[in-house]
Amino acid sequence: RTRLHGLGIAGVQARTFHAAALRQLQYFWPKAVGGALPPLAEHKAPLVGEAAGRLRLQADRSAVRDLSAEIEWAKVNLLSPEQYPAAAASAGRRDAAGHGPTTVSRLIQAYEDVKTARGVIDFEDVLLLMIGVLQENPQIAGAVRDQYRHFVVDEYQDVSPVQQMLLGEWLGGREDVCVVGDPSQTIYSFAGADPHFLLDFRRAHPQARLLTLVRDYRSTPQIVALANKLLDAAPAAARTSRVELVAQRPPGPEPEATGYPDDVAEAVGVADRIASLVATGGAAGEIAVLYRTNAQSGPLEAELSARGIAYQVRGGERFFARAEVRRAVMLLRGAARAGTAGDLGPTVRDVLASGGWTSTPPSTTGAVRDQWESLQALAVLADELQAAGMTTLGDFVAELDVRAAAAHAPTAGGVTLSSLHAAKGLEWDTVFIVGLSEGLMPITFAETPEAIEEERRLLYVGITRARQRLLLSWTTSRAAGGRATRNPSRFLQVATGRRTVRPAPGAAGQPRQTQKSTLHTICRGCGAALTGAVARKLGRCPSCPADYDEELFEALRQWRAGLARELKKPAYVILTDSTLEAIAFEKPTDSLSLMRINGIGRAKATSYGKDVLAVVASCRGPRRPSE
């Protein structure tokens with residue numbers, strides 16, 4: 001949409017299949033069926049849980065998630081409950097949450113019964129119902145086809161059978177369609193995506209013109225070469241439809257591959273490298289850390305928080321559902337109705353300021369920082385849309401409404417943490433891909449040759465997100481001190497052309513004492529379990545009385561303020577308050593004990609360690625009781 005704005009093209013509808021179908025269904029439902037469209041159930045879990053209960057099936061949260069995914073797969077493949085068992089067997093689907101195809105078939109029917117009883121529909125129903133409306137109502141189909149004559153479908157390799165059927169109904173036999181796709185980026189077949197619609201497009205449309213796009217304008221030749229090499233190593237049958245990318249950018253640094261002894265050490269190493277990039281002028285918003293599963297983000301979030309580095313997690317709570325965003329949109333809507341005028345960016349900032357936004361980020365982390373990041377994302381979006389030609393606050397609010405309907409969240413400029421799947425279609429100057437160990441990439445449950453090749457394509461997608469700098473890493477064990485049972489991913493070995501690569505400091509052959517300590521899990525004040533990165537770093541609940549040396553803490557703050565003025569940096573970029581508090585509690589006596597404090601990586605220890613230890617020594621008083 002931003003590109004369309006910049007080109008001065010108005011009236012083009014840029015939507016997902018679901019968003020377009022839902023809008024049409026809401027408009028035509030009263031005429032086609034009568035009454036209002038049934039409410040849309042945003043989450044399947046409660047419905048699936050109730051259906052499982054009706055069948056007396058044991059289903060915890062994990063089982064409900066797996067069963068929900070299987071229901072979605074059946075529906076996007078246009079399968080009835082009766083057709084599901086044979087289709088699942090043919091597709092090599094594993095038992096869902098330990099339940100065989102017959103049981104899952106019964107669950108699908110029970111799920112549909114629960115929806116009917118509650119009077120709701122799900123996201124797949126939106127597509128199915130719109131198909132039915134178009135097929136059964138020639139007048140409605142004619143109205144839709146008269147309004148929308150030309151279609152461009154991006155990421156066509158990930159279209160599902162139900163989406164393809166809806167596209168066919170929209171077209172109504174016409175040939176005014178352009179599709180864009182790459183079979184080498186098919187990464188959603190587990191959810192019903194079918195690349196054969198792309199591969200067989202010319203068979204379905206014999207007059208279609210084929211344009212093969214091989215020039216890569218995004219990545220350096222070094223990154224493109226690595227991506228090509230990864231696909232070259234695939235079996236011959238998997239290479240029949242791929243293209244060889246040809247890089248168009250100037251050369252850049254070679255991709256790096258680094259091994260770490262455990263997941264925490266990897267997070268420390270990545271966060272240290274990010275801090276170094278930001279400290280030397282790199283934009284945090286042009287950095288991403290990608291991983292195979294969402295569960296891998298925890299240590300990374302903790303380490304970035306400890307360094308005061310802004311970040312955002314893709315795939316977390318929906319942006320437009322956040323309380324602070326809803327309040328901000330309400331304020332912006334009110335200002336638009338009141339006729340507030342002026343340059344869009346400054347005007348939006350003035351309105352956001354009335355709701356608590358500040359031009360500089362808070363020095364704290366946690367919820368306060370998260371809320372500021374949300375409002376900052378709106379401010380940045382206003383600047384981007386103003387640069388693209390948008391001028392009025394009313395247009396900005398309308399754009400927010402469209403984005404909310406399509407779950408198209410703006411970004412706040414921080415480091416992006418994302419699963420490889422969620423990173424599809426995006427790009428950054430610097431990309432870290434972590435956790436490249438066997439069992440994570442390819443994932444353990446990828447057991448068939450087809451599933452392994454989908455994992456290869458997923459890594460290919462991750463690699464090609466990077467413009468200039470690509471850093472790959474793996475760990476030899478999950479937890480600090482654990483047995484080194486992990487091996488580098490088979491894809492990493494093939495791509496780098498070697499089985500071993502440069503180990504990180506603290507890996508085999510180097511003292512483990514240089515590694516970071518794990519975060520605290522129990523409050524040393526009240527004994528409660530700690531939640532949140534800051535609390536785990538401090539070792540106490542925020543509500544518990546401070547037990548650090550306040551004189552030392554104040555001395556450290558004064559030292560940091562002077563250094564910040566000298567370096568012309570925000571104070572929190574040097575060391576956050578929570579890190580200073582941890583230092584004032586631990587009172588380290590040497591660089592080794594200093595580096596055990598969360599928030600002090602090797603880069604910060606090298607830059608500030610001598611000064612910090614001098615401040616600690618100058619304020620050294622009685623030792624803590626625990627000492």
# chains A, B, ... in the order shown; residues from 1 in each chain; ligands from 1
>>> residues_around(residues="region 553-570 of chain A", least_positions_apart="2", cutoff="9 Å", atoms="only C-alpha atoms", output="list in words")
Ala279, Tyr548, Asp549, Glu550, Glu551, Tyr572, Val573, Ile574, Leu575, Asp577, Leu580, Glu581, Ala582, Ile583, Ala584, Phe585, Asp611, Val612, Val615, Val616 and Cys619 of chain A
>>> select_by_dssp(residues="region 71-316 of chain A", states="strand (DSSP E)", output="number ranges by chain")
A: 151-153, 177-179, 215-216, 246-247, 256-260, 287-291, 311-313
>>> atom_distance(atom1="CA of Ala614 (chain A)", atom2="CA of Ser578 (chain A)")
19.2 Å
>>> residues_around(residues="region 471-480 of chain A", least_positions_apart="5", cutoff="7 Å", atoms="only C-alpha atoms", output="MDAnalysis selection string")
chainID A and resid 255:263 266 431:437 485:488
>>> write_last_selection(atoms="all heavy atoms", output="short mmCIF file (atom, residue, chain, number, x, y, z; two decimals), in the first residue's frame")
data_model
loop_
_atom_site.label_atom_id
_atom_site.label_comp_id
_atom_site.auth_asym_id
_atom_site.auth_seq_id
_atom_site.Cartn_x
_atom_site.Cartn_y
_atom_site.Cartn_z
N PRO A 255 29.18 -14.27 4.58
CA PRO A 255 28.35 -14.73 5.69
C PRO A 255 29.23 -15.41 6.75
O PRO A 255 30.22 -16.07 6.42
CB PRO A 255 27.40 -15.73 5.04
CG PRO A 255 27.33 -15.31 3.61
CD PRO A 255 28.71 -14.80 3.29
N GLU A 256 28.87 -15.24 8.00
CA GLU A 256 29.63 -15.81 9.11
C GLU A 256 28.85 -16.96 9.73
O GLU A 256 27.62 -16.91 9.81
CB GLU A 256 29.91 -14.76 10.18
CG GLU A 256 30.71 -13.57 9.68
CD GLU A 256 30.93 -12.54 10.77
OE1 GLU A 256 30.87 -12.91 11.97
OE2 GLU A 256 31.13 -11.36 10.44
N ALA A 257 29.57 -17.98 10.18
CA ALA A 257 28.95 -19.10 10.87
C ALA A 257 29.69 -19.31 12.19
O ALA A 257 30.91 -19.44 12.21
CB ALA A 257 29.01 -20.36 10.02
N THR A 258 28.96 -19.33 13.29
CA THR A 258 29.56 -19.36 14.63
C THR A 258 28.88 -20.41 15.50
O THR A 258 27.65 -20.50 15.51
CB THR A 258 29.42 -17.99 15.32
OG1 THR A 258 29.96 -16.98 14.47
CG2 THR A 258 30.15 -17.98 16.65
N GLY A 259 29.68 -21.18 16.21
CA GLY A 259 29.15 -22.16 17.15
C GLY A 259 29.24 -21.64 18.58
O GLY A 259 30.18 -20.94 18.93
N TYR A 260 28.24 -21.96 19.41
CA TYR A 260 28.21 -21.57 20.81
C TYR A 260 27.97 -22.80 21.67
O TYR A 260 27.36 -23.77 21.22
CB TYR A 260 27.10 -20.55 21.06
CG TYR A 260 27.32 -19.20 20.42
CD1 TYR A 260 26.80 -18.92 19.16
CD2 TYR A 260 28.06 -18.21 21.06
CE1 TYR A 260 26.99 -17.68 18.56
CE2 TYR A 260 28.26 -16.97 20.47
CZ TYR A 260 27.73 -16.72 19.21
OH TYR A 260 27.92 -15.50 18.63
N PRO A 261 28.40 -22.77 22.92
CA PRO A 261 28.23 -23.95 23.77
C PRO A 261 26.80 -24.19 24.22
O PRO A 261 26.43 -25.32 24.52
CB PRO A 261 29.13 -23.65 24.97
CG PRO A 261 29.25 -22.17 25.01
CD PRO A 261 29.22 -21.73 23.58
N ASP A 262 25.96 -23.15 24.29
CA ASP A 262 24.58 -23.34 24.75
C ASP A 262 23.73 -22.16 24.27
O ASP A 262 24.25 -21.17 23.73
CB ASP A 262 24.51 -23.49 26.27
CG ASP A 262 25.19 -22.34 27.00
OD1 ASP A 262 24.67 -21.21 26.92
OD2 ASP A 262 26.22 -22.56 27.66
N ASP A 263 22.41 -22.25 24.51
CA ASP A 263 21.49 -21.26 23.99
C ASP A 263 21.68 -19.88 24.61
O ASP A 263 21.54 -18.85 23.94
CB ASP A 263 20.04 -21.71 24.21
CG ASP A 263 19.68 -22.91 23.34
OD1 ASP A 263 20.51 -23.30 22.51
OD2 ASP A 263 18.57 -23.45 23.51
N GLU A 266 24.68 -18.29 23.10
CA GLU A 266 24.35 -17.81 21.76
C GLU A 266 23.62 -16.47 21.83
O GLU A 266 23.92 -15.54 21.09
CB GLU A 266 23.50 -18.84 21.04
CG GLU A 266 23.13 -18.45 19.61
CD GLU A 266 22.29 -19.51 18.93
OE1 GLU A 266 21.32 -19.99 19.57
OE2 GLU A 266 22.56 -19.84 17.77
N VAL A 431 20.97 -9.74 9.16
CA VAL A 431 20.12 -10.83 9.63
C VAL A 431 20.96 -11.86 10.37
O VAL A 431 21.98 -12.33 9.85
CB VAL A 431 19.38 -11.51 8.45
CG1 VAL A 431 18.69 -12.79 8.91
CG2 VAL A 431 18.36 -10.55 7.85
N PHE A 432 20.54 -12.18 11.59
CA PHE A 432 21.09 -13.30 12.35
C PHE A 432 20.10 -14.46 12.23
O PHE A 432 18.90 -14.27 12.44
CB PHE A 432 21.25 -12.95 13.83
CG PHE A 432 22.24 -11.86 14.13
CD1 PHE A 432 21.91 -10.52 13.96
CD2 PHE A 432 23.50 -12.18 14.61
CE1 PHE A 432 22.81 -9.52 14.25
CE2 PHE A 432 24.41 -11.17 14.90
CZ PHE A 432 24.08 -9.85 14.73
N ILE A 433 20.57 -15.64 11.91
CA ILE A 433 19.74 -16.84 11.97
C ILE A 433 20.35 -17.75 13.02
O ILE A 433 21.48 -18.23 12.86
CB ILE A 433 19.64 -17.55 10.61
CG1 ILE A 433 19.18 -16.58 9.52
CG2 ILE A 433 18.67 -18.73 10.70
CD1 ILE A 433 19.05 -17.21 8.14
N VAL A 434 19.62 -17.96 14.10
CA VAL A 434 20.15 -18.68 15.25
C VAL A 434 19.55 -20.08 15.33
O VAL A 434 18.57 -20.40 14.66
CB VAL A 434 19.87 -17.91 16.56
CG1 VAL A 434 20.49 -16.52 16.50
CG2 VAL A 434 18.37 -17.82 16.82
N GLY A 435 20.17 -20.92 16.18
CA GLY A 435 19.62 -22.25 16.43
C GLY A 435 19.74 -23.21 15.26
O GLY A 435 18.90 -24.09 15.09
N LEU A 436 20.79 -23.07 14.44
CA LEU A 436 20.93 -23.92 13.26
C LEU A 436 21.61 -25.23 13.63
O LEU A 436 22.70 -25.57 13.16
CB LEU A 436 21.71 -23.18 12.18
CG LEU A 436 20.99 -21.98 11.57
CD1 LEU A 436 21.85 -21.29 10.53
CD2 LEU A 436 19.66 -22.41 10.96
N SER A 437 20.95 -25.97 14.51
CA SER A 437 21.40 -27.28 14.93
C SER A 437 20.43 -28.34 14.43
O SER A 437 19.25 -28.07 14.22
CB SER A 437 21.48 -27.36 16.47
OG SER A 437 22.29 -26.33 17.00
N THR A 485 25.61 -32.49 22.80
CA THR A 485 25.02 -33.54 21.97
C THR A 485 24.48 -33.02 20.64
O THR A 485 24.09 -33.82 19.80
CB THR A 485 23.86 -34.21 22.73
OG1 THR A 485 22.90 -33.22 23.10
CG2 THR A 485 24.38 -34.90 24.00
N ARG A 486 24.47 -31.72 20.46
CA ARG A 486 23.94 -31.16 19.23
C ARG A 486 25.02 -31.05 18.16
O ARG A 486 26.18 -30.79 18.47
CB ARG A 486 23.34 -29.79 19.46
CG ARG A 486 22.02 -29.78 20.22
CD ARG A 486 21.57 -28.35 20.44
NE ARG A 486 20.23 -28.24 21.00
CZ ARG A 486 19.68 -27.10 21.38
NH1 ARG A 486 20.34 -25.96 21.26
NH2 ARG A 486 18.46 -27.09 21.89
N ASN A 487 24.61 -31.20 16.91
CA ASN A 487 25.51 -31.00 15.78
C ASN A 487 24.99 -29.86 14.90
O ASN A 487 23.79 -29.58 14.90
CB ASN A 487 25.59 -32.28 14.93
CG ASN A 487 26.26 -33.40 15.66
OD1 ASN A 487 27.32 -33.22 16.25
ND2 ASN A 487 25.65 -34.58 15.64
N PRO A 488 25.88 -29.20 14.17
CA PRO A 488 25.40 -28.18 13.24
C PRO A 488 24.43 -28.78 12.24
O PRO A 488 24.53 -29.96 11.87
CB PRO A 488 26.68 -27.69 12.54
CG PRO A 488 27.79 -28.08 13.46
CD PRO A 488 27.35 -29.33 14.14
#
>>> select_by_dssp(residues="region 331-484 of chain A", states="alpha helix (DSSP H)", output="tab-separated table (two decimals) with N, CA, C and O atoms, in the first residue's frame")
chain	number	residue	atom	x	y	z
A	331	LEU	N	-7.75	8.63	20.07
A	331	LEU	CA	-7.33	10.03	20.11
A	331	LEU	C	-7.13	10.60	18.70
A	331	LEU	O	-7.53	11.73	18.41
A	332	LEU	N	-6.50	9.83	17.84
A	332	LEU	CA	-6.27	10.28	16.47
A	332	LEU	C	-7.59	10.46	15.72
A	332	LEU	O	-7.76	11.42	14.96
A	333	ARG	N	-8.52	9.54	15.95
A	333	ARG	CA	-9.82	9.66	15.29
A	333	ARG	C	-10.54	10.93	15.75
A	333	ARG	O	-11.15	11.64	14.95
A	334	GLY	N	-10.48	11.21	17.06
A	334	GLY	CA	-11.11	12.41	17.58
A	334	GLY	C	-10.49	13.67	17.01
A	334	GLY	O	-11.20	14.63	16.66
A	335	ALA	N	-9.14	13.67	16.91
A	335	ALA	CA	-8.46	14.84	16.35
A	335	ALA	C	-8.81	15.03	14.89
A	335	ALA	O	-8.97	16.16	14.40
A	336	ALA	N	-8.97	13.92	14.15
A	336	ALA	CA	-9.33	14.02	12.73
A	336	ALA	C	-10.73	14.60	12.58
A	336	ALA	O	-10.98	15.45	11.71
A	337	ARG	N	-11.65	14.17	13.43
A	337	ARG	CA	-13.02	14.70	13.36
A	337	ARG	C	-13.08	16.17	13.74
A	337	ARG	O	-13.92	16.91	13.25
A	344	LEU	N	1.61	15.88	8.47
A	344	LEU	CA	1.10	14.65	9.08
A	344	LEU	C	1.97	14.16	10.23
A	344	LEU	O	1.46	13.85	11.32
A	345	GLY	N	3.29	14.03	10.00
A	345	GLY	CA	4.16	13.49	11.05
A	345	GLY	C	4.10	14.27	12.35
A	345	GLY	O	3.81	13.70	13.42
A	346	PRO	N	4.36	15.58	12.32
A	346	PRO	CA	4.28	16.37	13.56
A	346	PRO	C	2.88	16.37	14.20
A	346	PRO	O	2.75	16.36	15.43
A	347	THR	N	1.84	16.37	13.35
A	347	THR	CA	0.48	16.38	13.89
A	347	THR	C	0.20	15.09	14.65
A	347	THR	O	-0.37	15.11	15.75
A	348	VAL	N	0.57	13.96	14.07
A	348	VAL	CA	0.37	12.68	14.75
A	348	VAL	C	1.15	12.65	16.06
A	348	VAL	O	0.64	12.18	17.10
A	349	ARG	N	2.38	13.18	16.05
A	349	ARG	CA	3.17	13.18	17.28
A	349	ARG	C	2.53	14.05	18.36
A	349	ARG	O	2.56	13.70	19.55
A	350	ASP	N	1.96	15.18	17.98
A	350	ASP	CA	1.28	16.04	18.96
A	350	ASP	C	0.11	15.31	19.61
A	350	ASP	O	-0.10	15.38	20.82
A	351	VAL	N	-0.65	14.58	18.79
A	351	VAL	CA	-1.80	13.84	19.33
A	351	VAL	C	-1.32	12.71	20.23
A	351	VAL	O	-1.86	12.49	21.32
A	352	LEU	N	-0.29	11.99	19.79
A	352	LEU	CA	0.24	10.88	20.60
A	352	LEU	C	0.82	11.39	21.92
A	352	LEU	O	0.72	10.72	22.95
A	353	ALA	N	1.41	12.60	21.88
A	353	ALA	CA	1.97	13.17	23.12
A	353	ALA	C	0.89	13.40	24.16
A	353	ALA	O	1.11	13.25	25.37
A	367	ALA	N	6.88	-3.32	30.60
A	367	ALA	CA	5.62	-2.85	30.04
A	367	ALA	C	5.69	-1.40	29.60
A	367	ALA	O	5.12	-1.03	28.56
A	368	VAL	N	6.38	-0.56	30.38
A	368	VAL	CA	6.46	0.86	30.02
A	368	VAL	C	7.16	1.03	28.68
A	368	VAL	O	6.71	1.78	27.81
A	369	ARG	N	8.24	0.30	28.51
A	369	ARG	CA	8.97	0.38	27.24
A	369	ARG	C	8.13	-0.19	26.10
A	369	ARG	O	8.10	0.37	24.99
A	370	ASP	N	7.45	-1.29	26.35
A	370	ASP	CA	6.61	-1.90	25.32
A	370	ASP	C	5.54	-0.93	24.84
A	370	ASP	O	5.26	-0.82	23.64
A	371	GLN	N	4.92	-0.21	25.77
A	371	GLN	CA	3.87	0.75	25.40
A	371	GLN	C	4.45	1.90	24.59
A	371	GLN	O	3.84	2.36	23.61
A	372	TRP	N	5.62	2.36	24.98
A	372	TRP	CA	6.26	3.44	24.20
A	372	TRP	C	6.57	2.95	22.79
A	372	TRP	O	6.36	3.69	21.81
A	373	GLU	N	7.06	1.71	22.66
A	373	GLU	CA	7.38	1.17	21.33
A	373	GLU	C	6.13	1.14	20.45
A	373	GLU	O	6.20	1.41	19.25
A	374	SER	N	4.98	0.80	21.03
A	374	SER	CA	3.74	0.76	20.25
A	374	SER	C	3.41	2.14	19.69
A	374	SER	O	3.08	2.29	18.50
A	375	LEU	N	3.47	3.16	20.54
A	375	LEU	CA	3.15	4.52	20.09
A	375	LEU	C	4.21	5.04	19.13
A	375	LEU	O	3.90	5.75	18.16
A	376	GLN	N	5.46	4.69	19.38
A	376	GLN	CA	6.53	5.09	18.48
A	376	GLN	C	6.32	4.51	17.08
A	376	GLN	O	6.61	5.15	16.07
A	377	ALA	N	5.80	3.29	17.02
A	377	ALA	CA	5.53	2.67	15.72
A	377	ALA	C	4.52	3.49	14.93
A	377	ALA	O	4.63	3.63	13.72
A	378	LEU	N	3.51	4.03	15.61
A	378	LEU	CA	2.53	4.88	14.93
A	378	LEU	C	3.17	6.17	14.44
A	378	LEU	O	2.86	6.65	13.34
A	379	ALA	N	4.06	6.75	15.25
A	379	ALA	CA	4.74	7.98	14.84
A	379	ALA	C	5.62	7.74	13.61
A	379	ALA	O	5.63	8.55	12.66
A	380	VAL	N	6.34	6.63	13.60
A	380	VAL	CA	7.21	6.30	12.47
A	380	VAL	C	6.37	6.05	11.21
A	380	VAL	O	6.72	6.49	10.11
A	381	LEU	N	5.24	5.36	11.38
A	381	LEU	CA	4.37	5.11	10.24
A	381	LEU	C	3.86	6.42	9.64
A	381	LEU	O	3.77	6.57	8.42
A	382	ALA	N	3.52	7.38	10.50
A	382	ALA	CA	3.06	8.68	10.00
A	382	ALA	C	4.12	9.34	9.14
A	382	ALA	O	3.82	9.91	8.08
A	383	ASP	N	5.39	9.26	9.56
A	383	ASP	CA	6.48	9.83	8.77
A	383	ASP	C	6.58	9.14	7.41
A	383	ASP	O	6.77	9.79	6.37
A	384	GLU	N	6.48	7.80	7.42
A	384	GLU	CA	6.61	7.04	6.18
A	384	GLU	C	5.48	7.39	5.21
A	384	GLU	O	5.71	7.58	4.00
A	385	LEU	N	4.26	7.48	5.73
A	385	LEU	CA	3.13	7.78	4.86
A	385	LEU	C	3.15	9.23	4.37
A	385	LEU	O	2.72	9.53	3.25
A	386	GLN	N	3.66	10.15	5.20
A	386	GLN	CA	3.81	11.53	4.75
A	386	GLN	C	4.81	11.59	3.59
A	386	GLN	O	4.58	12.29	2.59
A	387	ALA	N	5.92	10.85	3.73
A	387	ALA	CA	6.92	10.82	2.66
A	387	ALA	C	6.35	10.22	1.38
A	387	ALA	O	6.78	10.55	0.28
A	393	LEU	N	-4.83	13.89	8.51
A	393	LEU	CA	-4.99	13.01	9.65
A	393	LEU	C	-6.14	12.02	9.39
A	393	LEU	O	-6.08	10.86	9.83
A	394	GLY	N	-7.17	12.47	8.68
A	394	GLY	CA	-8.29	11.58	8.36
A	394	GLY	C	-7.84	10.40	7.51
A	394	GLY	O	-8.26	9.26	7.74
A	395	ASP	N	-6.97	10.67	6.51
A	395	ASP	CA	-6.45	9.59	5.68
A	395	ASP	C	-5.59	8.63	6.52
A	395	ASP	O	-5.61	7.41	6.30
A	396	PHE	N	-4.85	9.19	7.47
A	396	PHE	CA	-4.00	8.35	8.32
A	396	PHE	C	-4.85	7.41	9.17
A	396	PHE	O	-4.55	6.21	9.29
A	397	VAL	N	-5.92	7.92	9.75
A	397	VAL	CA	-6.82	7.08	10.56
A	397	VAL	C	-7.46	6.01	9.70
A	397	VAL	O	-7.59	4.85	10.11
A	398	ALA	N	-7.85	6.37	8.48
A	398	ALA	CA	-8.44	5.39	7.58
A	398	ALA	C	-7.44	4.29	7.24
A	398	ALA	O	-7.79	3.10	7.17
A	399	GLU	N	-6.18	4.68	7.06
A	399	GLU	CA	-5.13	3.68	6.79
A	399	GLU	C	-4.95	2.76	7.98
A	399	GLU	O	-4.76	1.54	7.83
A	400	LEU	N	-5.02	3.30	9.20
A	400	LEU	CA	-4.91	2.46	10.40
A	400	LEU	C	-6.06	1.46	10.46
A	400	LEU	O	-5.86	0.30	10.85
A	401	ASP	N	-7.25	1.89	10.08
A	401	ASP	CA	-8.40	0.98	10.08
A	401	ASP	C	-8.18	-0.17	9.09
A	401	ASP	O	-8.48	-1.33	9.39
A	402	VAL	N	-7.65	0.15	7.92
A	402	VAL	CA	-7.38	-0.89	6.92
A	402	VAL	C	-6.31	-1.84	7.42
A	402	VAL	O	-6.43	-3.07	7.29
A	403	ARG	N	-5.27	-1.29	8.01
A	403	ARG	CA	-4.20	-2.14	8.53
A	403	ARG	C	-4.68	-3.02	9.67
A	403	ARG	O	-4.26	-4.17	9.81
A	404	ALA	N	-5.55	-2.49	10.52
A	404	ALA	CA	-6.08	-3.27	11.63
A	404	ALA	C	-6.88	-4.46	11.10
A	404	ALA	O	-6.78	-5.58	11.62
A	405	ALA	N	-7.67	-4.23	10.05
A	405	ALA	CA	-8.48	-5.31	9.48
A	405	ALA	C	-7.60	-6.39	8.87
A	405	ALA	O	-7.94	-7.57	8.88
A	449	PRO	N	11.22	-37.10	3.13
A	449	PRO	CA	12.06	-36.29	2.22
A	449	PRO	C	11.40	-34.98	1.85
A	449	PRO	O	12.07	-33.95	1.74
A	450	GLU	N	10.07	-34.99	1.66
A	450	GLU	CA	9.36	-33.76	1.31
A	450	GLU	C	9.43	-32.74	2.44
A	450	GLU	O	9.63	-31.54	2.21
A	451	ALA	N	9.29	-33.22	3.68
A	451	ALA	CA	9.34	-32.32	4.82
A	451	ALA	C	10.75	-31.75	5.00
A	451	ALA	O	10.92	-30.57	5.35
A	452	ILE	N	11.76	-32.57	4.76
A	452	ILE	CA	13.15	-32.08	4.85
A	452	ILE	C	13.39	-30.98	3.83
A	452	ILE	O	14.03	-29.95	4.13
A	453	GLU	N	12.89	-31.16	2.62
A	453	GLU	CA	13.10	-30.15	1.58
A	453	GLU	C	12.35	-28.86	1.90
A	453	GLU	O	12.80	-27.77	1.56
A	454	GLU	N	11.20	-28.97	2.57
A	454	GLU	CA	10.50	-27.75	2.99
A	454	GLU	C	11.33	-26.99	4.03
A	454	GLU	O	11.38	-25.76	4.03
A	455	GLU	N	12.01	-27.73	4.91
A	455	GLU	CA	12.90	-27.09	5.88
A	455	GLU	C	14.05	-26.40	5.17
A	455	GLU	O	14.48	-25.31	5.56
A	456	ARG	N	14.59	-27.02	4.12
A	456	ARG	CA	15.65	-26.39	3.34
A	456	ARG	C	15.15	-25.08	2.74
A	456	ARG	O	15.84	-24.06	2.77
A	457	ARG	N	13.94	-25.12	2.17
A	457	ARG	CA	13.39	-23.90	1.58
A	457	ARG	C	13.16	-22.83	2.64
A	457	ARG	O	13.31	-21.63	2.37
A	458	LEU	N	12.79	-23.23	3.85
A	458	LEU	CA	12.59	-22.28	4.93
A	458	LEU	C	13.89	-21.56	5.27
A	458	LEU	O	13.90	-20.33	5.48
A	459	LEU	N	14.99	-22.30	5.33
A	459	LEU	CA	16.28	-21.66	5.58
A	459	LEU	C	16.67	-20.76	4.41
A	459	LEU	O	17.22	-19.67	4.60
A	460	TYR	N	16.35	-21.18	3.20
A	460	TYR	CA	16.61	-20.34	2.01
A	460	TYR	C	15.88	-19.01	2.12
A	460	TYR	O	16.44	-17.95	1.84
A	461	VAL	N	14.63	-19.06	2.56
A	461	VAL	CA	13.87	-17.83	2.77
A	461	VAL	C	14.57	-16.95	3.80
A	461	VAL	O	14.71	-15.74	3.61
A	462	GLY	N	15.04	-17.55	4.90
A	462	GLY	CA	15.73	-16.78	5.93
A	462	GLY	C	16.99	-16.12	5.41
A	462	GLY	O	17.25	-14.93	5.65
A	463	ILE	N	17.79	-16.87	4.68
A	463	ILE	CA	19.05	-16.34	4.14
A	463	ILE	C	18.79	-15.16	3.21
A	463	ILE	O	19.49	-14.14	3.26
>>> closest_residue(among="A:Thr358, A:Ser489, A:Thr430, A:Gln24", to="Thr464 (chain A)", atoms="only C-alpha atoms")
A:Thr430
>>> atom_distance(atom1="CA of Gln26 (chain A)", atom2="CA of Glu42 (chain A)")
15.9 Å
>>> closest_residue(among="A:Arg490, A:Arg465, A:Lys44, A:Ala267", to="Ala422 (chain A)", atoms="only C-alpha atoms")
A:Arg465
>>> atom_distance(atom1="CA of Asp113 (chain A)", atom2="CA of Tyr27 (chain A)")
25.8 Å
